[in-house]
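A.B. asks: Structure file query-v2.txt (compact mmCIF, C-alpha atoms) right here:
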# COMPACT_ATOMS: atom_id res chain seq x y z
CA MET A 1134 78.86 53.90 88.63
CA HIS A 1135 80.87 51.14 90.37
CA ILE A 1136 80.25 51.78 94.05
CA PRO A 1137 83.47 50.98 95.97
CA ASP A 1138 83.77 49.30 99.38
CA GLY A 1139 83.12 51.68 102.25
CA TYR A 1140 80.54 53.84 100.50
CA LEU A 1141 77.46 51.79 101.39
CA SER A 1142 76.33 50.85 104.89
CA PRO A 1143 75.58 47.17 105.63
CA GLN A 1144 71.90 48.20 105.91
CA THR A 1145 72.11 49.10 102.21
CA TYR A 1146 74.39 46.51 100.64
CA GLY A 1147 72.85 43.62 102.62
CA PRO A 1148 69.31 43.98 101.27
CA LEU A 1149 70.61 44.54 97.74
CA PHE A 1150 72.55 41.25 97.95
CA ALA A 1151 69.39 39.63 99.29
CA ILE A 1152 67.47 40.84 96.23
CA MET A 1153 70.14 39.72 93.79
CA ILE A 1154 70.47 36.11 95.01
CA PRO A 1155 66.99 35.01 93.84
CA VAL A 1156 67.37 37.18 90.72
CA TRP A 1157 70.56 35.28 89.80
CA GLY A 1158 68.72 32.01 90.46
CA ILE A 1159 65.78 32.89 88.21
CA ALA A 1160 68.13 34.28 85.56
CA SER A 1161 70.15 31.06 85.35
CA ARG A 1162 66.94 29.10 84.94
CA PHE A 1163 65.94 31.38 82.03
CA VAL A 1164 69.36 31.03 80.43
CA LYS A 1165 69.05 27.25 80.58
CA LYS A 1166 65.58 27.35 79.07
CA THR A 1167 66.27 29.75 76.23
CA LEU A 1168 69.91 29.34 75.24
CA LYS A 1169 71.20 26.17 73.63
CA ALA A 1170 74.38 24.62 74.99
CA SER A 1171 76.02 25.52 71.66
CA GLN A 1172 75.28 29.20 72.35
CA VAL A 1173 77.39 29.35 75.51
CA PRO A 1174 80.08 31.28 73.57
CA LEU A 1175 77.54 34.11 73.32
CA LEU A 1176 77.53 34.35 77.12
CA ALA A 1177 81.31 34.73 77.10
CA ILE A 1178 81.28 37.24 74.24
CA GLY A 1179 78.52 39.32 75.85
CA SER A 1180 80.22 39.37 79.22
CA ALA A 1181 83.65 40.17 77.79
CA PHE A 1182 82.14 42.91 75.63
CA SER A 1183 80.50 44.56 78.62
CA PHE A 1184 83.74 44.23 80.63
CA ILE A 1185 85.84 45.87 77.92
CA ILE A 1186 83.34 48.60 77.02
CA MET A 1187 83.40 49.68 80.68
CA MET A 1188 87.18 50.23 80.36
CA PHE A 1189 86.59 53.05 77.88
CA ASN A 1190 86.46 55.95 80.30
CA ILE A 1191 85.02 59.11 78.81
CA PRO A 1192 86.24 62.35 80.38
CA ILE A 1193 84.35 65.45 81.37
CA PRO A 1194 87.17 67.93 80.77
CA GLY A 1195 88.70 68.96 84.09
CA GLY A 1196 86.18 66.84 86.00
CA THR A 1197 85.14 63.24 86.40
CA THR A 1198 84.98 60.28 84.03
CA GLY A 1199 82.26 57.80 83.18
CA HIS A 1200 81.61 55.01 80.72
CA ALA A 1201 79.00 52.96 78.90
CA VAL A 1202 77.95 49.57 80.32
CA GLY A 1203 76.67 47.69 77.29
CA GLY A 1204 73.84 46.29 79.42
CA VAL A 1205 71.08 47.09 76.96
CA LEU A 1206 73.01 45.82 73.96
CA VAL A 1207 73.45 42.45 75.65
CA ALA A 1208 69.77 42.44 76.66
CA VAL A 1209 68.64 43.20 73.09
CA LEU A 1210 70.84 40.48 71.58
CA LEU A 1211 70.54 37.76 74.23
CA GLY A 1212 67.48 38.69 76.25
CA PRO A 1213 67.31 40.49 79.61
CA TRP A 1214 67.68 37.42 81.85
CA THR A 1215 70.82 36.31 80.04
CA ALA A 1216 72.07 39.90 80.38
CA VAL A 1217 71.66 39.64 84.17
CA ILE A 1218 74.12 36.72 84.30
CA VAL A 1219 76.50 38.11 81.70
CA ILE A 1220 76.83 41.62 83.19
CA SER A 1221 77.06 40.20 86.74
CA VAL A 1222 80.03 38.04 85.73
CA ALA A 1223 81.79 41.12 84.32
CA LEU A 1224 81.05 43.18 87.46
CA ILE A 1225 82.22 40.40 89.79
CA VAL A 1226 85.53 40.01 87.91
CA GLN A 1227 85.98 43.79 87.99
CA ALA A 1228 85.44 43.88 91.75
CA PHE A 1229 87.64 40.92 92.73
CA LEU A 1230 90.50 41.31 90.30
CA PHE A 1231 90.64 45.02 89.54
CA GLY A 1232 89.06 46.65 92.60
CA ASP A 1233 86.58 48.38 90.28
CA GLY A 1234 83.49 48.37 92.47
CA GLY A 1235 83.59 46.99 95.99
CA ILE A 1236 83.18 43.39 97.15
CA THR A 1237 80.52 44.46 99.64
CA ALA A 1238 78.83 46.48 96.87
CA ILE A 1239 78.58 43.60 94.37
CA GLY A 1240 74.88 43.17 95.17
CA ALA A 1241 74.24 46.90 94.73
CA ASN A 1242 76.29 47.26 91.56
CA CYS A 1243 74.69 44.17 90.01
CA PHE A 1244 71.23 45.41 91.02
CA ASN A 1245 71.84 48.75 89.27
CA MET A 1246 73.79 47.69 86.18
CA ALA A 1247 73.08 43.97 85.69
CA PHE A 1248 69.40 43.77 86.69
CA VAL A 1249 67.49 47.04 86.46
CA MET A 1250 69.48 48.39 83.52
CA PRO A 1251 69.04 45.50 81.05
CA PHE A 1252 65.35 45.11 81.91
CA VAL A 1253 64.50 48.82 81.58
CA GLY A 1254 66.44 49.07 78.32
CA TYR A 1255 64.99 45.87 76.95
CA PHE A 1256 61.38 46.87 77.58
CA ILE A 1257 61.91 50.25 75.93
CA TYR A 1258 63.54 48.48 72.97
CA ARG A 1259 60.63 46.07 72.75
CA ILE A 1260 58.04 48.87 72.76
CA ILE A 1261 59.82 50.82 70.00
CA SER A 1262 60.65 47.80 67.84
CA LYS A 1263 57.33 46.00 68.29
CA ASN A 1264 56.31 44.09 65.15
CA ALA A 1265 59.17 45.66 63.18
CA ASP A 1266 60.87 43.73 60.41
CA PRO A 1267 64.29 42.35 61.52
CA LEU A 1268 65.99 44.84 59.20
CA SER A 1269 63.91 47.83 60.30
CA ARG A 1270 65.74 50.80 61.75
CA ARG A 1271 63.32 50.69 64.66
CA HIS A 1272 65.60 48.03 66.12
CA TRP A 1273 68.71 50.16 66.42
CA ILE A 1274 66.70 53.26 67.32
CA GLY A 1275 64.85 51.34 70.02
CA ALA A 1276 68.09 49.88 71.35
CA SER A 1277 69.71 53.36 71.45
CA VAL A 1278 66.80 54.98 73.26
CA GLY A 1279 66.69 52.01 75.62
CA GLY A 1280 70.44 52.40 76.26
CA TYR A 1281 70.14 56.10 77.02
CA ILE A 1282 67.22 55.76 79.42
CA ALA A 1283 68.45 52.57 81.10
CA LEU A 1284 71.93 53.95 81.79
CA ASN A 1285 70.32 56.99 83.37
CA ILE A 1286 68.00 54.86 85.51
CA ALA A 1287 71.01 52.84 86.70
CA ALA A 1288 72.85 56.10 87.46
CA LEU A 1289 69.83 57.41 89.35
CA LEU A 1290 69.71 54.27 91.51
CA THR A 1291 73.44 54.59 92.20
CA SER A 1292 73.09 58.24 93.20
CA VAL A 1293 70.12 57.53 95.48
CA GLU A 1294 71.93 54.63 97.16
CA LEU A 1295 74.95 56.90 97.77
CA GLY A 1296 72.89 59.94 98.74
CA LEU A 1297 70.86 58.00 101.33
CA GLN A 1298 73.95 57.01 103.31
CA PRO A 1299 74.27 60.16 105.46
CA LEU A 1300 70.63 59.64 106.51
CA ILE A 1301 71.07 55.93 107.24
CA ALA A 1302 74.32 55.84 109.18
CA GLN A 1303 75.86 58.56 111.33
CA THR A 1304 78.05 58.79 114.41
CA ALA A 1305 76.54 60.16 117.63
CA SER A 1306 77.82 63.60 116.65
CA GLY A 1307 76.11 63.42 113.27
CA GLN A 1308 79.16 62.66 111.12
CA PRO A 1309 78.41 60.39 108.17
CA LEU A 1310 79.80 56.84 108.54
CA TYR A 1311 79.85 55.96 104.84
CA ALA A 1312 79.32 57.95 101.59
CA PRO A 1313 79.27 61.50 102.97
CA PHE A 1314 77.24 63.45 100.43
CA PRO A 1315 73.45 63.85 100.81
CA LEU A 1316 70.87 63.20 98.09
CA LYS A 1317 70.74 66.85 97.06
CA ILE A 1318 74.42 66.70 96.12
CA ALA A 1319 74.79 63.09 94.96
CA VAL A 1320 71.75 62.94 92.66
CA PRO A 1321 72.45 66.08 90.59
CA ALA A 1322 76.21 65.40 90.47
CA ILE A 1323 75.73 61.93 89.01
CA MET A 1324 72.62 62.65 86.93
CA ILE A 1325 73.86 65.74 85.11
CA GLU A 1326 76.90 63.92 83.72
CA HIS A 1327 74.84 60.89 82.71
CA LEU A 1328 71.93 62.84 81.21
CA PHE A 1329 74.22 65.09 79.19
CA LEU A 1330 77.12 62.82 78.25
CA PHE A 1331 77.40 59.19 79.33
CA GLY A 1332 73.80 58.33 78.38
CA PHE A 1333 74.53 59.40 74.81
CA VAL A 1334 77.73 57.34 74.80
CA GLU A 1335 75.69 54.28 75.79
CA ALA A 1336 73.05 55.12 73.16
CA VAL A 1337 75.57 55.50 70.34
CA ALA A 1338 77.53 52.36 71.27
CA THR A 1339 74.33 50.30 71.55
CA GLY A 1340 72.78 51.65 68.35
CA LEU A 1341 75.97 51.23 66.30
CA VAL A 1342 76.47 47.60 67.24
CA VAL A 1343 72.80 46.70 66.68
CA ALA A 1344 72.75 48.47 63.30
CA TYR A 1345 76.03 46.79 62.32
CA LEU A 1346 74.75 43.36 63.28
CA GLN A 1347 71.49 44.00 61.43
CA LYS A 1348 73.32 44.88 58.24
CA THR A 1349 76.25 42.47 58.20
CA ASP A 1350 75.21 39.50 60.21
CA ASN A 1351 72.00 37.65 60.72
CA LEU A 1352 72.62 37.38 64.45
CA LEU A 1353 69.75 39.68 65.23
CA SER A 1354 67.28 37.93 62.98
CA LYS A 1355 68.53 34.55 64.17
CA ASN A 1356 67.87 35.56 67.73
CA PHE A 1357 64.76 37.50 66.88
CA GLU A 1358 62.21 34.75 67.27
CA ARG A 1359 63.95 33.23 70.25
CA ILE A 1360 64.18 36.47 72.18
CA LYS A 1361 60.42 36.87 72.02
CA LEU A 1362 60.27 33.97 74.46
CA PHE A 1363 61.89 36.01 77.16
CA VAL A 1364 58.97 38.29 77.87
CA MET B 306 85.52 24.56 70.06
CA ASN B 307 86.72 25.56 66.60
CA LYS B 308 83.16 25.68 65.36
CA MET B 309 82.18 27.91 68.26
CA ILE B 310 84.93 30.35 67.37
CA LYS B 311 84.06 30.28 63.68
CA GLU B 312 80.35 30.85 64.12
CA TYR B 313 80.89 34.07 66.05
CA LYS B 314 84.14 35.06 64.34
CA LYS B 315 83.08 38.67 63.70
CA LEU B 316 82.18 39.17 67.33
CA TRP B 317 85.48 37.73 68.59
CA ILE B 318 87.36 40.01 66.18
CA GLY B 319 85.35 42.96 67.48
CA LEU B 320 86.44 42.08 71.01
CA VAL B 321 90.11 41.90 70.02
CA VAL B 322 89.87 45.32 68.33
CA LEU B 323 88.28 46.80 71.46
CA ILE B 324 91.02 45.31 73.65
CA ILE B 325 93.72 46.87 71.44
CA LEU B 326 91.96 50.24 71.57
CA SER B 327 91.27 50.05 75.33
CA PRO B 328 94.20 52.31 76.40
CA LEU B 329 92.19 55.19 74.90
CA GLY B 330 90.08 54.75 78.03
CA ILE B 331 92.93 56.09 80.15
CA ILE B 332 94.84 58.25 77.66
CA ILE B 333 91.90 60.46 76.65
CA PRO B 334 90.78 61.23 80.24
CA ALA B 335 94.39 62.10 81.13
CA LYS B 336 94.58 64.49 78.16
CA PHE B 337 91.42 66.22 79.36
CA ASN B 338 92.62 66.30 82.95
CA ALA B 339 89.68 64.26 84.20
CA GLY B 340 89.93 62.18 87.38
CA SER B 341 87.89 59.47 89.11
CA ALA B 342 84.22 58.87 88.47
CA TRP B 343 81.92 60.69 90.91
CA GLY B 344 81.64 58.64 94.09
CA GLU B 345 84.60 56.38 93.31
CA TRP B 346 87.29 58.30 95.16
CA GLY B 347 90.01 56.82 97.33
CA SER B 348 90.10 57.83 100.99
CA ASP B 349 92.84 60.45 100.33
CA GLU B 350 90.54 62.19 97.88
CA ILE B 351 87.62 61.99 100.33
CA LYS B 352 89.80 63.49 103.04
CA SER B 353 90.80 66.41 100.86
CA MET B 354 87.14 67.00 99.96
CA ILE B 355 85.44 66.90 103.37
CA GLY B 356 88.37 67.03 105.80
CA PHE B 357 88.01 63.52 107.24
CA VAL B 358 87.50 59.89 106.25
CA PRO B 359 84.13 58.58 107.52
CA LYS B 360 84.67 55.87 110.17
CA GLY B 361 82.65 53.12 108.51
CA MET B 362 84.31 53.81 105.19
CA LYS B 363 87.78 53.55 106.75
CA LYS B 364 86.87 50.13 108.16
CA LEU B 365 85.25 48.73 105.01
CA GLU B 366 87.50 50.08 102.30
CA THR B 367 90.35 47.70 103.13
CA ILE B 368 88.13 44.60 103.22
CA TRP B 369 89.54 43.43 99.90
CA SER B 370 92.76 44.18 98.07
CA ALA B 371 92.50 43.56 94.36
CA LYS B 372 95.43 41.92 92.58
CA ILE B 373 95.48 44.44 89.72
CA PRO B 374 93.95 47.58 91.25
CA GLY B 375 92.66 50.09 88.74
CA TYR B 376 93.66 47.90 85.75
CA ASN B 377 97.28 48.83 86.22
CA PHE B 378 100.29 46.79 87.29
CA PRO B 379 102.48 48.20 90.04
CA GLY B 380 105.50 49.89 88.45
CA PHE B 381 103.86 50.31 85.04
CA ASN B 382 104.25 54.08 84.99
CA GLY B 383 104.22 56.49 82.07
CA TRP B 384 101.59 56.40 79.37
CA ALA B 385 103.21 53.66 77.24
CA LEU B 386 103.60 51.19 80.11
CA SER B 387 100.26 52.01 81.72
CA GLY B 388 98.65 51.59 78.29
CA LEU B 389 100.29 48.18 78.00
CA GLY B 390 99.16 47.33 81.54
CA TYR B 391 95.64 48.33 80.58
CA ILE B 392 95.69 46.01 77.54
CA LEU B 393 97.09 43.17 79.67
CA SER B 394 94.32 43.77 82.22
CA ALA B 395 91.73 43.63 79.44
CA ILE B 396 93.22 40.34 78.16
CA ILE B 397 93.45 38.75 81.62
CA GLY B 398 89.92 39.89 82.52
CA THR B 399 88.56 38.60 79.22
CA PHE B 400 90.13 35.15 79.69
CA ILE B 401 88.78 34.87 83.24
CA ILE B 402 85.33 35.93 82.01
CA ILE B 403 85.41 33.38 79.17
CA PHE B 404 86.45 30.69 81.65
CA LEU B 405 83.67 31.64 84.11
CA CYS B 406 81.02 31.74 81.37
CA TYR B 407 82.01 28.31 80.10
CA LEU B 408 81.93 27.07 83.69
CA ILE B 409 78.41 28.48 84.12
CA GLY B 410 77.40 26.91 80.81
CA LYS B 411 78.84 23.58 81.89
CA ILE B 412 76.96 23.61 85.20
CA LEU B 413 73.68 24.74 83.64
CA TYR B 414 73.70 22.37 80.69
CA SER B 415 74.91 19.27 82.49
CA GLU B 416 71.86 19.73 84.74
CA ALA B 417 69.70 20.37 81.70
CA SER B 418 70.83 17.25 79.88
CA SER B 419 70.34 14.99 82.90
CA GLY B 420 66.83 16.45 83.21
CA GLN B 421 66.32 15.68 79.54
CA VAL B 422 67.36 12.06 79.99
CA LEU B 423 64.98 11.72 82.91
CA LYS B 424 62.10 13.06 80.86
CA GLU B 425 62.84 10.81 77.92
CA SER B 426 63.03 7.69 80.05
CA LYS B 427 59.66 8.60 81.57
CA GLU B 428 58.20 8.94 78.11
CA ASP B 429 59.60 5.55 77.19
CA ASN B 430 57.82 3.99 80.15
CA SER B 431 54.50 5.41 79.13
Starting from the coordinates I provided, produce the structure as structure tokens.

C.D. replies:
Amino acid sequence: MHIPDGYLSPQTYGPLFAIMIPVWGIASRFVKKTLKASQVPLLAIGSAFSFIIMMFNIPIPGGTTGHAVGGVLVAVLLGPWTAVIVISVALIVQAFLFGDGGITAIGANCFNMAFVMPFVGYFIYRIISKNADPLSRRHWIGASVGGYIALNIAALLTSVELGLQPLIAQTASGQPLYAPFPLKIAVPAIMIEHLFLFGFVEAVATGLVVAYLQKTDNLLSKNFERIKLFV
Amino acid sequence: MNKMIKEYKKLWIGLVVLIILSPLGIIIPAKFNAGSAWGEWGSDEIKSMIGFVPKGMKKLETIWSAKIPGYNFPGFNGWALSGLGYILSAIIGTFIIIFLCYLIGKILYSEASSGQVLKESKEDNS
């Protein structure tokens, strides 16, 4: 889901950067308001977790690979605005240091995976876990369902951004200038693998960690009251 | 610093375990003969798929050259070395991320505390 350089036209990556700049601004204000200075290690842990979880490529035998993002897990534990900052840091390091995702596509990749994904997943989690006791299984179930749906929404955005390119930018003779495949190829290609495999990987990873933290650590209950402030 | 590590000890340990296991993220796909993610191909792959490299793509794709492309160090071939390279990438990336997050924290909370001081002094005046 990391769009590389050269796949998006400036008409696409420009506006997505323009959206992300105020989002990053608002997000940092929320982090400052809701996280104590002593909780800064949680930013680092959340960001590093997302970075490493994205290194676990899952194969489709004989085909492509994909991976979980951890965006909803971070949103459930630290709140969606904090997740925006934390996942963006991971994506920016991936782009600059490892060439995973393009520099020009940082706005687009952050929009898909660091903004829309944590918010969609978080709201689904909140609906399912509403008024549940901190130890209720509705927390890990809600986080799993949120993870599945949010990863698929992020994948859908990615596939639409890629699939729009042949319409947006062509040479005079009609050759595509950037990502060459139209919506009717890009959307099913990306969505089938995420709906049938990678979404479940995200759901299981998210649910397992939330359930583990519910049972063995009071991190979730400690953050429980505070996270309510985010919405 | 020590206190910060202690308080979230379980989470830090979890991260270390994931870093050690990270080579599974390249070994398993190789075993199943799976390649790049959809839409993340290099220009050679694009060329073999559609017969040409789109002009705009050719221009943009070289805009940045990453120091550790694809989480592997040049010359780290074979599964043992590429696995090691993958772990090293995970460690380097994690340290840079920790550094950046502390930097963000420092910027945010130095502003926050100066705002706090301002507010308190105002309250004192009233």

A.B. asks: Using only C-alpha atoms and a distance of at most 6 Å, pull out the residues of chain B that contact chain A, as a VMD selection string.

C.D. replies: chain B and resid 330 334 337 to 342 359 to 362 365 to 366 371 to 376 399 403 406 410

A.B. asks: As an exercise, work out the distance from CA of Val1207 in chain A to CA of Ala1276 in chain A in Å and give it to one decimal place.

C.D. replies: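 So the two atoms, CA of Val1207 in chain A and CA of Ala1276 in chain A, lie 10.1 Å apart.
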
A.B. asks: Can you tell me how far CA of Gln1144 in chain A sits from CA of Ser1306 in chain A, in Å to one decimal?

C.D. replies: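 Those two atoms sit 19.7 Å apart.
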
A.B. asks: Show me, as a VMD selection string, the residues that have an atom within 8 Å of Asn377 in chain B when counting all atoms listed in the file, minus same-chain residues fewer than 3 positions from it.

C.D. replies: chain B and resid 373 to 374 381 387 390 to 391 394

A.B. asks: What is the CA of Lys336 in chain B to CA of Gly383 in chain B distance in Å?

C.D. replies: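 Separation between CA of Lys336 in chain B and CA of Gly383 in chain B: 13.1 Å.
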
A.B. asks: Between B:Tyr414, B:Leu393, B:Gly388, B:Leu405, which residue has the minimum interatomic distance to Leu329 in chain B, considering all atoms listed in the file?

C.D. replies: B:Gly388

A.B. asks: Excluding range 1339-1343 of chain A and residues on its chain fewer than 2 positions from it, collect all residues at most 10 Å away from it, counting all atoms listed in the file, and give them as a ChimeraX atom specification.

C.D. replies: /A:1201-1207,1209-1210,1270,1272-1281,1333-1337,1345-1348,1350,1352-1353

A.B. asks: Kindly provide, as AutoDock Vina command-line options, the centre and edge lengths (Å, one decimal) of an axis-aligned box around all atoms of range 1154-1161 of chain A given in the file, with 5 Å on each side.

C.D. replies:
--center_x 68.2 --center_y 34.1 --center_z 90.2 --size_x 14.8 --size_y 16.1 --size_z 19.7

A.B. asks: Taking the partial coordinates given, rebuild range 318-344 of chain B to contain N, CA and C atoms; return it as an mmCIF file, in the coordinates of the input.

C.D. replies:
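Wrote selection22.cif, looks like this:
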data_model
loop_
_atom_site.group_PDB
_atom_site.id
_atom_site.type_symbol
_atom_site.label_atom_id
_atom_site.label_comp_id
_atom_site.auth_asym_id
_atom_site.auth_seq_id
_atom_site.Cartn_x
_atom_site.Cartn_y
_atom_site.Cartn_z
ATOM 1 N N ILE B 318 86.449 39.005 66.749
ATOM 2 C CA ILE B 318 87.360 40.010 66.180
ATOM 3 C C ILE B 318 87.054 41.381 66.769
ATOM 4 N N GLY B 319 85.765 41.687 66.879
ATOM 5 C CA GLY B 319 85.350 42.960 67.480
ATOM 6 C C GLY B 319 85.926 43.118 68.886
ATOM 7 N N LEU B 320 85.898 42.033 69.649
ATOM 8 C CA LEU B 320 86.440 42.080 71.010
ATOM 9 C C LEU B 320 87.936 42.374 71.006
ATOM 10 N N VAL B 321 88.657 41.694 70.099
ATOM 11 C CA VAL B 321 90.110 41.900 70.020
ATOM 12 C C VAL B 321 90.420 43.358 69.666
ATOM 13 N N VAL B 322 89.657 43.912 68.715
ATOM 14 C CA VAL B 322 89.870 45.320 68.330
ATOM 15 C C VAL B 322 89.641 46.233 69.531
ATOM 16 N N LEU B 323 88.565 45.964 70.279
ATOM 17 C CA LEU B 323 88.280 46.800 71.460
ATOM 18 C C LEU B 323 89.402 46.692 72.497
ATOM 19 N N ILE B 324 89.934 45.480 72.672
ATOM 20 C CA ILE B 324 91.020 45.310 73.650
ATOM 21 C C ILE B 324 92.235 46.145 73.230
ATOM 22 N N ILE B 325 92.557 46.110 71.922
ATOM 23 C CA ILE B 325 93.720 46.870 71.440
ATOM 24 C C ILE B 325 93.499 48.372 71.624
ATOM 25 N N LEU B 326 92.253 48.812 71.440
ATOM 26 C CA LEU B 326 91.960 50.240 71.570
ATOM 27 C C LEU B 326 91.760 50.688 73.027
ATOM 28 N N SER B 327 91.673 49.714 73.953
ATOM 29 C CA SER B 327 91.270 50.050 75.330
ATOM 30 C C SER B 327 92.118 51.143 76.001
ATOM 31 N N PRO B 328 93.439 51.248 75.717
ATOM 32 C CA PRO B 328 94.200 52.310 76.400
ATOM 33 C C PRO B 328 93.645 53.718 76.160
ATOM 34 N N LEU B 329 92.852 53.891 75.090
ATOM 35 C CA LEU B 329 92.190 55.190 74.900
ATOM 36 C C LEU B 329 91.371 55.560 76.135
ATOM 37 N N GLY B 330 90.886 54.548 76.833
ATOM 38 C CA GLY B 330 90.080 54.750 78.030
ATOM 39 C C GLY B 330 90.828 55.345 79.202
ATOM 40 N N ILE B 331 92.175 55.343 79.131
ATOM 41 C CA ILE B 331 92.930 56.090 80.150
ATOM 42 C C ILE B 331 93.672 57.282 79.556
ATOM 43 N N ILE B 332 94.056 57.171 78.275
ATOM 44 C CA ILE B 332 94.840 58.250 77.660
ATOM 45 C C ILE B 332 93.973 59.504 77.462
ATOM 46 N N ILE B 333 92.765 59.297 76.929
ATOM 47 C CA ILE B 333 91.900 60.460 76.650
ATOM 48 C C ILE B 333 91.514 61.205 77.946
ATOM 49 N N PRO B 334 91.076 60.494 78.992
ATOM 50 C CA PRO B 334 90.780 61.230 80.240
ATOM 51 C C PRO B 334 91.990 62.001 80.763
ATOM 52 N N ALA B 335 93.195 61.404 80.649
ATOM 53 C CA ALA B 335 94.390 62.100 81.130
ATOM 54 C C ALA B 335 94.614 63.387 80.342
ATOM 55 N N LYS B 336 94.410 63.302 79.007
ATOM 56 C CA LYS B 336 94.580 64.490 78.160
ATOM 57 C C LYS B 336 93.620 65.608 78.565
ATOM 58 N N PHE B 337 92.411 65.221 78.991
ATOM 59 C CA PHE B 337 91.420 66.220 79.360
ATOM 60 C C PHE B 337 91.422 66.522 80.852
ATOM 61 N N ASN B 338 92.463 65.990 81.541
ATOM 62 C CA ASN B 338 92.620 66.300 82.950
ATOM 63 C C ASN B 338 91.401 65.902 83.787
ATOM 64 N N ALA B 339 90.836 64.740 83.457
ATOM 65 C CA ALA B 339 89.680 64.260 84.200
ATOM 66 C C ALA B 339 90.097 63.136 85.146
ATOM 67 N N GLY B 340 89.515 63.136 86.350
ATOM 68 C CA GLY B 340 89.930 62.180 87.380
ATOM 69 C C GLY B 340 88.980 61.013 87.541
ATOM 70 N N SER B 341 88.752 60.623 88.811
ATOM 71 C CA SER B 341 87.890 59.470 89.110
ATOM 72 C C SER B 341 86.452 59.773 88.709
ATOM 73 N N ALA B 342 85.660 58.696 88.624
ATOM 74 C CA ALA B 342 84.220 58.870 88.470
ATOM 75 C C ALA B 342 83.670 59.432 89.772
ATOM 76 N N TRP B 343 82.518 60.114 89.701
ATOM 77 C CA TRP B 343 81.920 60.690 90.910
ATOM 78 C C TRP B 343 81.532 59.559 91.854
ATOM 79 N N GLY B 344 81.991 59.662 93.100
ATOM 80 C CA GLY B 344 81.640 58.640 94.090
ATOM 81 C C GLY B 344 82.549 57.425 94.037
#
